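Structure first, commentary second.
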Amino acid sequence: MLTLNDTVSLQDAIKSYQYANSLTEYSRRKTITVNIGGVPMGSDYPIRVQSMTTVDTMNTEGSVEQVMRMVESGCEYVRITAPSVKEAQNLENIRKELRVRGYTVPLVADIHFTPNAAELAARIVEKVRINPGNYADKKRFELIEYTEDEYQRELERIREKFIPLIKICKEYGTAMRIGTNHGSLSDRIMSRYGDSPLGMVESALEFLRICEEFNYHEVVLSMKSSNPVVMVEAYRLLVNRLDAEGLKPYPLHLGVTEAGEGEDGRIKSAVGIGTLLEDGLGDTVRVSLTEDPEFEAPVARALIDRYTHRSQQSKPIQAVSGSPINPFQYSRRKTQEVYNLGGSNVPRVIADFSQINIDKYEDLRSIGHYYLPVPDKWKMNDLGVDFIYTAQQPVPFMLPMGLKEIVDYEVWLTLKDQDNKFPLLTWAQWQNKTTVSSKLNFVALNATQLDDIQGLIAENVVVLLRTDNAHAMPALRRFMFELTAKGVDCPVVIHRTYDTAQADELSLFAATDCGGLLVDGFGDGIMLSAQLEASLNTENKLQIAAQQNSIGFGILQAARTRMSKTEYISCPSCGRTLFDLQETTAMIRKRTDHLKGVKIGIMGCIVNGPGEMADADYGYVGIGKDKISLYRGQQVVKKSVTADKAVDELIALIKEDDKWFEPEEIEAF
Ligand code: SF4
């Protein structure tokens with residue numbers, strides 16, 4: 001264990017890891033304004049919401065109807081795919097028809113591989129999005145060694161292909177997004193920078209430098225990944241590199257790609273997007289869900305709206321001039337192991353039952369623990385909580401082995417079984433303690449108690465850290481910075497309380513607040529609490545406990561700190577999609593959702609699919625009508641499988657790799 005002699009001051013620990021105006025005070029990053037069809041984007045304007053159509057771009061009527069629904073749901077820009085010149089041309093019909101119907105929403109053409117489609121679209125719509133990984137580069141998933149000369153020649157070739165688009169954009173007043181995707185970095189970039197945030201940033205900067213050379217500044221940048229941790233690191237690094245190179249502060253488009261659907265998709269999006277918004281980064285948000293696009297804008301809006309009054313609502317946080325940890329590369333804070341927390345243990349989940357009275361075994365089903373009368377045993381599912389906090393009312397029966405209980409200190413002092421139940425102490429109780437647990441004591445602290453940190457140097461203490469500051473994540477992070485700088489290595493459980501029990505809001509807010517800490521390697525556990533109305537009955541309260549539990553595990557999974565479920569990396573679908581993504585995802589999920597930790601990519605097309613599912617273990621990719629290719633990692637292993645056999649073939653593949661097991665039926669009362 002570290003001692004006070006090992007400590008360094010916080011200012012000494014801070015390196016030049018700058019990426020935000022402030023890490024303690026809400027302050028939006030200052031950007032230039034980019035004009036997009038009369039709806040300007042940048043820090044002088046509100047953070048914008050956008051989404052993308054899923055209808056075939058050649059279906060004019062269907063596209064128009066969908067764009068109208070998207071605008072009604074809150075979209076301020078609408079992106080439409082233009083895979084070839086004919087779709088790019090049809091954007092004109094879609095745009096005209098929308099104008100006839102009174103919809104002036106700026107349209108964005110989404111381009112991959114086809115500079116000629118981009119050049120046409122740039123004459124028609126308000127903005128084009130290009131992917132620097134495939135605008136002029138081909139991706140063959142080959143590891144090619146480039147000499148410096150070859151690398152420069154390739155760059156020159158890209159330049160020649162890209163300059164015409166810049167000239168057209170300048171002439172027509174069209175904006176551009178240079179949108180890097182983690183999964184589709186070119187072979188050239190991969191050869192030099194690997195599959196890294198730095199490679200993502202450099203991929204965009206190569207194109208941006210050419211834009212600046214031509215004095216073209218109507219540019220928005222994005223750094224998307226399906227892995228929120230990589231995505232956060234890449235955006236931060238981008239800002240740092242822009243400043244370091246003296247490039248203009250271009251607006252940022254935030255998004256987590258292939259986030260999936262439902263609660264998991266929302267949590268993954270919030271971990272990535274919310275973390276950046278907390279630090280004032282981001283000028284437009286697109287949430288990518290495998291759901292109809294009308295469902296995306298309200299999620300983006302809910303994420304953005306938290307910052308409208310953030311400055312006025314926040315309490316001051318003691319300032320720091322930078323980050324004492326490397327914000328561009330994940331590293332978990334080193335902590336000592338206390339019981340089963342910290343050290344190399346996965347982050348733990350604590351269920352807050354302080355407002356719920358437990359009197360029967362069945363009550364624990366809501367938090368993943370099931371009693372089986374025959375053979376008189378407890379079973380736990382993948383979301384089986386690690387601890388239950390019962391405050392003043394200990395559980396009146398013996399708990400399963402995998403579940404431990406936390407009670408308030410004064411109650412713990414009266415218990416006979418002090419071995420399987422652990423105390424939660426206030427700071428005053430910790431200071432004046434006489435008897436404590438030899439194994440594990442939780443001490444509740446507020447993130448403002450920076451001066452009390454040295455009192456936490458002990459072998460059996462875990463902090464339960466809370467804040468009542470509206471600028472919650474930075475307040476909690478500030479405490480973590482201080483612990484890091486002072487070398488105090490006790491584990492910390494993040495405790496957040498929300499005055500909403502609404503699952504949608506709770507998942508977005510908790511994923512932002514806790515996810516923002518986890519992506520920086522902070523946090524050895526999560527406890528989520530909601531202020532429950534007194535009128536709720538026990539059944540309602542147990543439902544809320546189940547939601548909180550699922551959200552807690554979901555956040556840990558999204559931050560890649562504890563995998564407890566199958567990970568689905570499913571694309572949101574677009575005009576290129578070759579099958580019904582929502583239906584197919586549901587079908588695959590139904591058969592595979594017990595495969596804890598296995599990552600399955602479900603992609604609508606071959607053009608982007610294989611690249612976008614960068615870190616999936618298996619891929620299910622549409623390659624033609626009723627034709628699916630199956631991937632193991634980045635390798636195609638089965639080609640042109642008909643859709644009716646593809647899920648069985650996918651399962652056969654997982655079985656070949658010994659990663660399959662049959663789902664367990666739990667029949668509990
Ligand atoms: S992977 Fe999905 S969202 Fe991306 S281009 Fe293909 S079909 Fe469209």
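Chain lettering (A, B, ...) mirrors the order of the structure tokens, residue numbering begins at 1 for each chain separately, and ligand numbering begins at 1 in order of display.
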
* To do: Excluding Ile555 in chain A and residues on its chain fewer than 6 positions from it, collect all residues at most 7 Å away from it, counting only C-alpha atoms, and give them as a list in words.
  => Ile267, Ala511 and Gly515 of chain A

* Test item: residues no farther than 6 Å from ligand 1, counting only C-alpha atoms and all ligand atoms, as number ranges by chain -> A: 571-574, 576-577, 603-605, 607-609

Go ahead and save the residues from that selection, with all heavy atoms, as a tab-separated table (two decimals), in the first residue's frame.
```
chain	number	residue	atom	x	y	z
A	571	CYS	N	-25.48	-1.96	-36.59
A	571	CYS	CA	-25.51	-0.66	-37.24
A	571	CYS	C	-26.93	-0.08	-37.19
A	571	CYS	O	-27.89	-0.82	-37.04
A	571	CYS	CB	-24.98	-0.74	-38.67
A	571	CYS	SG	-26.13	-1.33	-39.89
A	572	PRO	N	-27.05	1.23	-37.31
A	572	PRO	CA	-28.38	1.84	-37.19
A	572	PRO	C	-29.23	1.63	-38.45
A	572	PRO	O	-30.40	1.97	-38.46
A	572	PRO	CB	-28.06	3.32	-36.99
A	572	PRO	CG	-26.73	3.53	-37.61
A	572	PRO	CD	-25.99	2.24	-37.46
A	573	SER	N	-28.60	1.12	-39.51
A	573	SER	CA	-29.18	0.93	-40.85
A	573	SER	C	-29.29	2.27	-41.58
A	573	SER	O	-29.31	3.33	-40.96
A	573	SER	CB	-30.50	0.17	-40.85
A	573	SER	OG	-31.60	1.02	-40.69
A	574	CYS	N	-29.31	2.18	-42.89
A	574	CYS	CA	-29.42	3.37	-43.73
A	574	CYS	C	-29.94	2.92	-45.09
A	574	CYS	O	-30.37	1.77	-45.22
A	574	CYS	CB	-28.06	4.07	-43.86
A	574	CYS	SG	-26.89	3.15	-44.86
A	576	ARG	N	-28.48	1.87	-47.49
A	576	ARG	CA	-27.72	0.74	-48.07
A	576	ARG	C	-28.13	-0.61	-47.47
A	576	ARG	O	-27.69	-1.65	-47.94
A	576	ARG	CB	-26.23	0.89	-47.72
A	576	ARG	CG	-25.50	2.02	-48.36
A	576	ARG	CD	-24.06	1.99	-47.85
A	576	ARG	NE	-23.37	3.23	-48.09
A	576	ARG	CZ	-22.55	3.44	-49.12
A	576	ARG	NH1	-22.35	2.50	-50.00
A	576	ARG	NH2	-21.96	4.59	-49.26
A	577	THR	N	-28.89	-0.58	-46.43
A	577	THR	CA	-29.16	-1.80	-45.65
A	577	THR	C	-29.84	-2.88	-46.49
A	577	THR	O	-30.77	-2.60	-47.23
A	577	THR	CB	-30.05	-1.44	-44.45
A	577	THR	OG1	-29.47	-0.33	-43.80
A	577	THR	CG2	-30.16	-2.59	-43.48
A	603	MET	N	-24.37	-6.09	-39.31
A	603	MET	CA	-24.17	-4.95	-40.19
A	603	MET	C	-25.01	-5.08	-41.46
A	603	MET	O	-25.04	-6.14	-42.08
A	603	MET	CB	-22.69	-4.87	-40.60
A	603	MET	CG	-21.76	-4.67	-39.44
A	603	MET	SD	-21.94	-3.01	-38.74
A	603	MET	CE	-21.82	-3.38	-37.02
A	604	GLY	N	-25.61	-3.97	-41.84
A	604	GLY	CA	-26.55	-3.99	-42.95
A	604	GLY	C	-25.93	-4.10	-44.33
A	604	GLY	O	-26.62	-4.44	-45.29
A	605	CYS	N	-24.65	-3.80	-44.48
A	605	CYS	CA	-24.07	-3.86	-45.82
A	605	CYS	C	-22.59	-4.19	-45.78
A	605	CYS	O	-21.94	-4.02	-44.75
A	605	CYS	CB	-24.30	-2.53	-46.56
A	605	CYS	SG	-23.16	-1.24	-46.02
A	607	VAL	N	-20.34	-2.70	-47.63
A	607	VAL	CA	-19.50	-1.54	-47.92
A	607	VAL	C	-18.81	-1.04	-46.65
A	607	VAL	O	-17.61	-0.86	-46.59
A	607	VAL	CB	-20.35	-0.39	-48.53
A	607	VAL	CG1	-19.47	0.77	-48.93
A	607	VAL	CG2	-21.15	-0.90	-49.70
A	608	ASN	N	-19.61	-0.86	-45.61
A	608	ASN	CA	-19.06	-0.35	-44.36
A	608	ASN	C	-19.01	-1.37	-43.27
A	608	ASN	O	-18.23	-1.25	-42.33
A	608	ASN	CB	-19.96	0.78	-43.83
A	608	ASN	CG	-19.60	2.06	-44.45
A	608	ASN	OD1	-18.50	2.21	-44.95
A	608	ASN	ND2	-20.52	2.98	-44.42
A	609	GLY	N	-19.90	-2.35	-43.37
A	609	GLY	CA	-20.10	-3.28	-42.26
A	609	GLY	C	-18.83	-3.85	-41.66
A	609	GLY	O	-18.56	-3.66	-40.47
```

* Asked: Using only C-alpha atoms, which of the listed residues (A:Asp292, A:Glu649, A:Asp279, A:Asp499) sits closest to Arg310 in chain A?
  ->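 Residue with the minimum atom-to-atom distance to Arg310 in chain A: A:Asp279.
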
If we count only C-alpha atoms, what is near Leu483 in chain A at a cut-off of 10 Å, once residues fewer than 2 positions away on the same chain are taken out, given as a PDB file with N, CA, C and O atoms, in the first residue's frame?
```pdb
ATOM      1  N   THR A   7       3.402  10.491  -1.793  1.00  0.00           N
ATOM      2  CA  THR A   7       2.472  11.384  -2.477  1.00  0.00           C
ATOM      3  C   THR A   7       3.178  12.517  -3.215  1.00  0.00           C
ATOM      4  O   THR A   7       4.282  12.909  -2.890  1.00  0.00           O
ATOM      5  N   LEU A  10      -0.890  17.661  -6.577  1.00  0.00           N
ATOM      6  CA  LEU A  10      -1.705  17.527  -7.778  1.00  0.00           C
ATOM      7  C   LEU A  10      -1.100  18.296  -8.938  1.00  0.00           C
ATOM      8  O   LEU A  10      -1.037  17.808 -10.060  1.00  0.00           O
ATOM      9  N   ARG A 333      -7.144   3.231 -12.418  1.00  0.00           N
ATOM     10  CA  ARG A 333      -6.469   3.718 -11.213  1.00  0.00           C
ATOM     11  C   ARG A 333      -6.056   2.530 -10.345  1.00  0.00           C
ATOM     12  O   ARG A 333      -6.846   1.625 -10.103  1.00  0.00           O
ATOM     13  N   LEU A 450     -12.156  17.039   0.076  1.00  0.00           N
ATOM     14  CA  LEU A 450     -10.794  16.811  -0.416  1.00  0.00           C
ATOM     15  C   LEU A 450      -9.780  16.813   0.729  1.00  0.00           C
ATOM     16  O   LEU A 450      -8.786  16.091   0.689  1.00  0.00           O
ATOM     17  N   ILE A 453      -8.985  13.365   2.660  1.00  0.00           N
ATOM     18  CA  ILE A 453      -8.485  12.203   1.931  1.00  0.00           C
ATOM     19  C   ILE A 453      -7.402  11.436   2.700  1.00  0.00           C
ATOM     20  O   ILE A 453      -7.386  10.203   2.695  1.00  0.00           O
ATOM     21  N   GLN A 454      -6.525  12.148   3.376  1.00  0.00           N
ATOM     22  CA  GLN A 454      -5.436  11.444   4.044  1.00  0.00           C
ATOM     23  C   GLN A 454      -5.926  10.540   5.168  1.00  0.00           C
ATOM     24  O   GLN A 454      -5.250   9.584   5.538  1.00  0.00           O
ATOM     25  N   LEU A 456      -8.043   8.442   4.847  1.00  0.00           N
ATOM     26  CA  LEU A 456      -8.548   7.210   4.233  1.00  0.00           C
ATOM     27  C   LEU A 456      -7.459   6.165   4.046  1.00  0.00           C
ATOM     28  O   LEU A 456      -7.688   5.126   3.447  1.00  0.00           O
ATOM     29  N   ARG A 477     -14.814  13.420 -10.261  1.00  0.00           N
ATOM     30  CA  ARG A 477     -13.481  13.233 -10.868  1.00  0.00           C
ATOM     31  C   ARG A 477     -12.422  14.041 -10.116  1.00  0.00           C
ATOM     32  O   ARG A 477     -11.282  13.597  -9.958  1.00  0.00           O
ATOM     33  N   ARG A 478     -12.826  15.227  -9.662  1.00  0.00           N
ATOM     34  CA  ARG A 478     -11.879  16.074  -8.926  1.00  0.00           C
ATOM     35  C   ARG A 478     -11.377  15.352  -7.680  1.00  0.00           C
ATOM     36  O   ARG A 478     -10.202  15.413  -7.321  1.00  0.00           O
ATOM     37  N   PHE A 479     -12.301  14.658  -7.015  1.00  0.00           N
ATOM     38  CA  PHE A 479     -11.924  13.880  -5.828  1.00  0.00           C
ATOM     39  C   PHE A 479     -10.956  12.759  -6.230  1.00  0.00           C
ATOM     40  O   PHE A 479      -9.961  12.509  -5.552  1.00  0.00           O
ATOM     41  N   MET A 480     -11.240  12.118  -7.358  1.00  0.00           N
ATOM     42  CA  MET A 480     -10.376  11.024  -7.837  1.00  0.00           C
ATOM     43  C   MET A 480      -8.981  11.557  -8.188  1.00  0.00           C
ATOM     44  O   MET A 480      -7.980  10.886  -7.952  1.00  0.00           O
ATOM     45  N   PHE A 481      -8.948  12.743  -8.783  1.00  0.00           N
ATOM     46  CA  PHE A 481      -7.647  13.362  -9.104  1.00  0.00           C
ATOM     47  C   PHE A 481      -6.826  13.529  -7.819  1.00  0.00           C
ATOM     48  O   PHE A 481      -5.635  13.268  -7.785  1.00  0.00           O
ATOM     49  N   ALA A 485      -3.293  11.928  -6.939  1.00  0.00           N
ATOM     50  CA  ALA A 485      -2.112  12.754  -6.685  1.00  0.00           C
ATOM     51  C   ALA A 485      -1.532  12.479  -5.308  1.00  0.00           C
ATOM     52  O   ALA A 485      -0.321  12.513  -5.116  1.00  0.00           O
ATOM     53  N   LYS A 486      -2.400  12.168  -4.345  1.00  0.00           N
ATOM     54  CA  LYS A 486      -1.908  11.943  -2.977  1.00  0.00           C
ATOM     55  C   LYS A 486      -1.519  10.491  -2.748  1.00  0.00           C
ATOM     56  O   LYS A 486      -1.105  10.117  -1.647  1.00  0.00           O
ATOM     57  N   GLY A 487      -1.717   9.669  -3.779  1.00  0.00           N
ATOM     58  CA  GLY A 487      -1.310   8.272  -3.652  1.00  0.00           C
ATOM     59  C   GLY A 487      -2.151   7.476  -2.671  1.00  0.00           C
ATOM     60  O   GLY A 487      -1.697   6.480  -2.136  1.00  0.00           O
ATOM     61  N   VAL A 488      -3.362   7.915  -2.441  1.00  0.00           N
ATOM     62  CA  VAL A 488      -4.248   7.160  -1.546  1.00  0.00           C
ATOM     63  C   VAL A 488      -4.981   6.129  -2.403  1.00  0.00           C
ATOM     64  O   VAL A 488      -5.680   6.481  -3.348  1.00  0.00           O
ATOM     65  N   ASP A 489      -4.767   4.850  -2.088  1.00  0.00           N
ATOM     66  CA  ASP A 489      -5.200   3.825  -3.036  1.00  0.00           C
ATOM     67  C   ASP A 489      -6.382   2.990  -2.550  1.00  0.00           C
ATOM     68  O   ASP A 489      -6.508   1.819  -2.879  1.00  0.00           O
ATOM     69  N   CYS A 490      -7.255   3.588  -1.756  1.00  0.00           N
ATOM     70  CA  CYS A 490      -8.441   2.824  -1.362  1.00  0.00           C
ATOM     71  C   CYS A 490      -9.408   2.758  -2.551  1.00  0.00           C
ATOM     72  O   CYS A 490      -9.496   3.698  -3.339  1.00  0.00           O
ATOM     73  N   VAL A 492     -12.881   2.985  -4.642  1.00  0.00           N
ATOM     74  CA  VAL A 492     -13.983   3.958  -4.547  1.00  0.00           C
ATOM     75  C   VAL A 492     -15.198   3.426  -5.319  1.00  0.00           C
ATOM     76  O   VAL A 492     -15.073   3.021  -6.474  1.00  0.00           O
TER      77      VAL A 492
END
```

* Run DSSP on the backbone and give me the residues of range 194-366 of chain A it puts in helix (DSSP H, G or I), as a VMD selection string. => chain A and resid 197 to 213 228 to 245 262 to 278 293 to 305 310 to 313 361 to 366

Residues within 7 Å of range 347-363 of chain A, only C-alpha atoms, excluding chain neighbours under 5 positions, as a PDB file with C-alpha atoms, in the first residue's frame:
```
ATOM      1  CA  LEU A 341     -13.270  -4.583  -4.314  1.00  0.00           C
ATOM      2  CA  TYR A 371     -33.853 -19.305  -4.843  1.00  0.00           C
ATOM      3  CA  VAL A 385     -25.670  -7.935  -7.797  1.00  0.00           C
ATOM      4  CA  ASP A 386     -22.604  -8.159  -5.507  1.00  0.00           C
ATOM      5  CA  PHE A 387     -23.820  -6.185  -2.476  1.00  0.00           C
ATOM      6  CA  ILE A 388     -27.159  -5.044  -1.145  1.00  0.00           C
ATOM      7  CA  TYR A 389     -27.386  -1.931   1.038  1.00  0.00           C
ATOM      8  CA  THR A 390     -30.226  -2.270   3.530  1.00  0.00           C
ATOM      9  CA  ALA A 391     -29.354   0.664   5.822  1.00  0.00           C
ATOM     10  CA  VAL A 395     -32.347  -8.876   5.586  1.00  0.00           C
ATOM     11  CA  PRO A 396     -34.098 -11.287   7.995  1.00  0.00           C
ATOM     12  CA  ASP A 524     -14.344   0.222  -8.374  1.00  0.00           C
ATOM     13  CA  GLY A 525     -18.080  -0.082  -8.169  1.00  0.00           C
ATOM     14  CA  ILE A 526     -21.432   1.611  -8.760  1.00  0.00           C
ATOM     15  CA  MET A 527     -24.415   2.248  -6.533  1.00  0.00           C
ATOM     16  CA  LEU A 528     -27.456   3.931  -8.117  1.00  0.00           C
ATOM     17  CA  SER A 529     -30.248   5.322  -5.988  1.00  0.00           C
ATOM     18  CA  THR A 538     -43.087  -2.939  -2.827  1.00  0.00           C
ATOM     19  CA  LYS A 541     -39.993  -0.466  -5.833  1.00  0.00           C
ATOM     20  CA  ASN A 549     -29.421  -3.049 -11.487  1.00  0.00           C
ATOM     21  CA  GLY A 552     -25.537  -0.423 -13.424  1.00  0.00           C
ATOM     22  CA  THR A 561     -14.890  -2.611 -17.383  1.00  0.00           C
ATOM     23  CA  ARG A 562     -17.107  -5.620 -16.679  1.00  0.00           C
ATOM     24  CA  PHE A 669     -40.549 -19.346  -7.278  1.00  0.00           C
TER      25      PHE A 669
END
```

* **Best match for closeness to Gly280 in chain A among A:Thr114, A:Gln89, A:Asn21, A:Thr54, counting only C-alpha atoms** =>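 Residue with the minimum atom-to-atom distance to Gly280 in chain A: A:Asn21.
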
* To do: Can you work out the spacing between CA of Arg236 in chain A and CA of Leu276 in chain A in Å, to one decimal?
  =>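 Computing the Euclidean distance for CA of Arg236 in chain A and CA of Leu276 in chain A yields 8.0 Å.
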
All strand (DSSP E or B) residues (DSSP, backbone) inside range 434-502 of chain A, as an mmCIF file with N, CA and C atoms, in the first residue's frame:
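Dumped everything to out-v4.cif:
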```cif
data_model
loop_
_atom_site.group_PDB
_atom_site.id
_atom_site.type_symbol
_atom_site.label_atom_id
_atom_site.label_comp_id
_atom_site.auth_asym_id
_atom_site.auth_seq_id
_atom_site.Cartn_x
_atom_site.Cartn_y
_atom_site.Cartn_z
ATOM 1 N N ASN A 441 -14.901 -1.952 5.318
ATOM 2 C CA ASN A 441 -15.750 -0.879 5.845
ATOM 3 C C ASN A 441 -16.002 0.130 4.727
ATOM 4 N N PHE A 442 -17.246 0.483 4.529
ATOM 5 C CA PHE A 442 -17.556 1.542 3.568
ATOM 6 C C PHE A 442 -17.646 2.860 4.328
ATOM 7 N N VAL A 443 -17.010 3.891 3.780
ATOM 8 C CA VAL A 443 -17.097 5.217 4.383
ATOM 9 C C VAL A 443 -17.744 6.150 3.367
ATOM 10 N N ALA A 444 -18.869 6.747 3.752
ATOM 11 C CA ALA A 444 -19.593 7.633 2.831
ATOM 12 C C ALA A 444 -18.949 9.020 2.865
ATOM 13 N N LEU A 445 -18.555 9.496 1.693
ATOM 14 C CA LEU A 445 -17.922 10.814 1.610
ATOM 15 C C LEU A 445 -18.579 11.641 0.524
ATOM 16 N N ASN A 446 -18.547 12.950 0.720
ATOM 17 C CA ASN A 446 -18.967 13.862 -0.324
ATOM 18 C C ASN A 446 -17.716 14.266 -1.108
ATOM 19 N N VAL A 461 -10.710 -0.080 4.012
ATOM 20 C CA VAL A 461 -11.719 0.936 3.758
ATOM 21 C C VAL A 461 -11.995 1.107 2.256
ATOM 22 N N VAL A 462 -13.279 1.268 1.958
ATOM 23 C CA VAL A 462 -13.737 1.571 0.599
ATOM 24 C C VAL A 462 -14.594 2.820 0.693
ATOM 25 N N VAL A 463 -14.339 3.793 -0.172
ATOM 26 C CA VAL A 463 -15.124 5.028 -0.139
ATOM 27 C C VAL A 463 -16.398 4.857 -0.962
ATOM 28 N N LEU A 464 -17.504 5.304 -0.412
ATOM 29 C CA LEU A 464 -18.755 5.387 -1.170
ATOM 30 C C LEU A 464 -18.916 6.877 -1.466
ATOM 31 N N LEU A 465 -18.602 7.255 -2.690
ATOM 32 C CA LEU A 465 -18.430 8.673 -3.019
ATOM 33 C C LEU A 465 -19.672 9.258 -3.685
ATOM 34 N N ARG A 466 -20.150 10.352 -3.132
ATOM 35 C CA ARG A 466 -21.365 10.972 -3.687
ATOM 36 C C ARG A 466 -21.104 12.456 -3.913
ATOM 37 N N VAL A 492 -12.881 2.985 -4.642
ATOM 38 C CA VAL A 492 -13.983 3.958 -4.547
ATOM 39 C C VAL A 492 -15.198 3.426 -5.319
ATOM 40 N N VAL A 493 -16.337 3.432 -4.656
ATOM 41 C CA VAL A 493 -17.603 3.092 -5.322
ATOM 42 C C VAL A 493 -18.314 4.405 -5.629
ATOM 43 N N ILE A 494 -18.760 4.550 -6.866
ATOM 44 C CA ILE A 494 -19.452 5.782 -7.272
ATOM 45 C C ILE A 494 -20.918 5.663 -6.871
ATOM 46 N N HIS A 495 -21.380 6.607 -6.080
ATOM 47 C CA HIS A 495 -22.772 6.580 -5.636
ATOM 48 C C HIS A 495 -23.524 7.775 -6.219
ATOM 49 N N ARG A 496 -24.504 7.499 -7.070
ATOM 50 C CA ARG A 496 -25.302 8.588 -7.630
ATOM 51 C C ARG A 496 -26.762 8.399 -7.247
ATOM 52 N N THR A 497 -27.381 9.510 -6.870
ATOM 53 C CA THR A 497 -28.812 9.488 -6.547
ATOM 54 C C THR A 497 -29.531 10.407 -7.523
ATOM 55 N N TYR A 498 -30.631 9.931 -8.074
ATOM 56 C CA TYR A 498 -31.394 10.746 -9.034
ATOM 57 C C TYR A 498 -32.802 10.949 -8.503
#
```

Residue neighbourhood Leu383 in chain A, 9 Å, only C-alpha atoms, exclusion window fewer than 4 positions, as an mmCIF file with C-alpha atoms, in the first residue's frame:
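Wrote selection27.cif, looks like this:
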```cif
data_model
loop_
_atom_site.group_PDB
_atom_site.id
_atom_site.type_symbol
_atom_site.label_atom_id
_atom_site.label_comp_id
_atom_site.auth_asym_id
_atom_site.auth_seq_id
_atom_site.Cartn_x
_atom_site.Cartn_y
_atom_site.Cartn_z
ATOM 1 C CA ILE A 367 -31.321 -8.087 -8.444
ATOM 2 C CA GLY A 368 -30.419 -11.379 -10.113
ATOM 3 C CA HIS A 369 -30.472 -13.863 -7.198
ATOM 4 C CA ASN A 549 -29.421 -3.049 -11.487
ATOM 5 C CA SER A 550 -29.643 -3.561 -15.221
ATOM 6 C CA PHE A 553 -24.316 -3.550 -15.203
ATOM 7 C CA SER A 564 -21.815 -9.443 -18.111
ATOM 8 C CA LYS A 565 -23.823 -9.816 -21.305
#
```

* To do: For range 653-663 of chain A, work out the shell of residues within 8 Å, counting only C-alpha atoms and skipping chain neighbours fewer than 6 positions away, then give it as a PyMOL selection string.
  => chain A and resi 594-595+598

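Nearest to Arg29 in chain A of all the residues A:Leu536, A:Leu242, A:Val411, A:Leu281 is A:Leu281, based on only C-alpha atoms.
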
* Of the candidates A:Ser269, A:Thr435, A:Gly183, A:Asp305, which one gets nearest to Gly633 in chain A if we count only C-alpha atoms? -> A:Gly183

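Take CA of Lys30 in chain A and CA of Ser222 in chain A: the distance between them is 16.2 Å.
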
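Counting from CA of Thr53 in chain A, the distance to CA of Glu65 in chain A is 10.1 Å.
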
* Asked: Of the residues A:Arg332, A:Arg153, A:His217, A:Arg129, which is the one nearest to Ala559 in chain A, using only C-alpha atoms?
  ->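 When distances to Ala559 in chain A are compared using only C-alpha atoms, the smallest one comes from A:Arg332.
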
* **Contacts of range 167-178 of chain A within 6 Å, only C-alpha atoms, excl. fewer than 5 positions in-chain, as a list in words** => Ile36, Ala122, Glu126, Lys127, Val128, Arg129, Ile130, Glu218, Val219, Val220 and Leu221 of chain A

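Restricting the calculation to only C-alpha atoms, the smallest distance between Pro327 in chain A and any of A:Met68, A:Ile158, A:Val201, A:Val230 is found for A:Val230.
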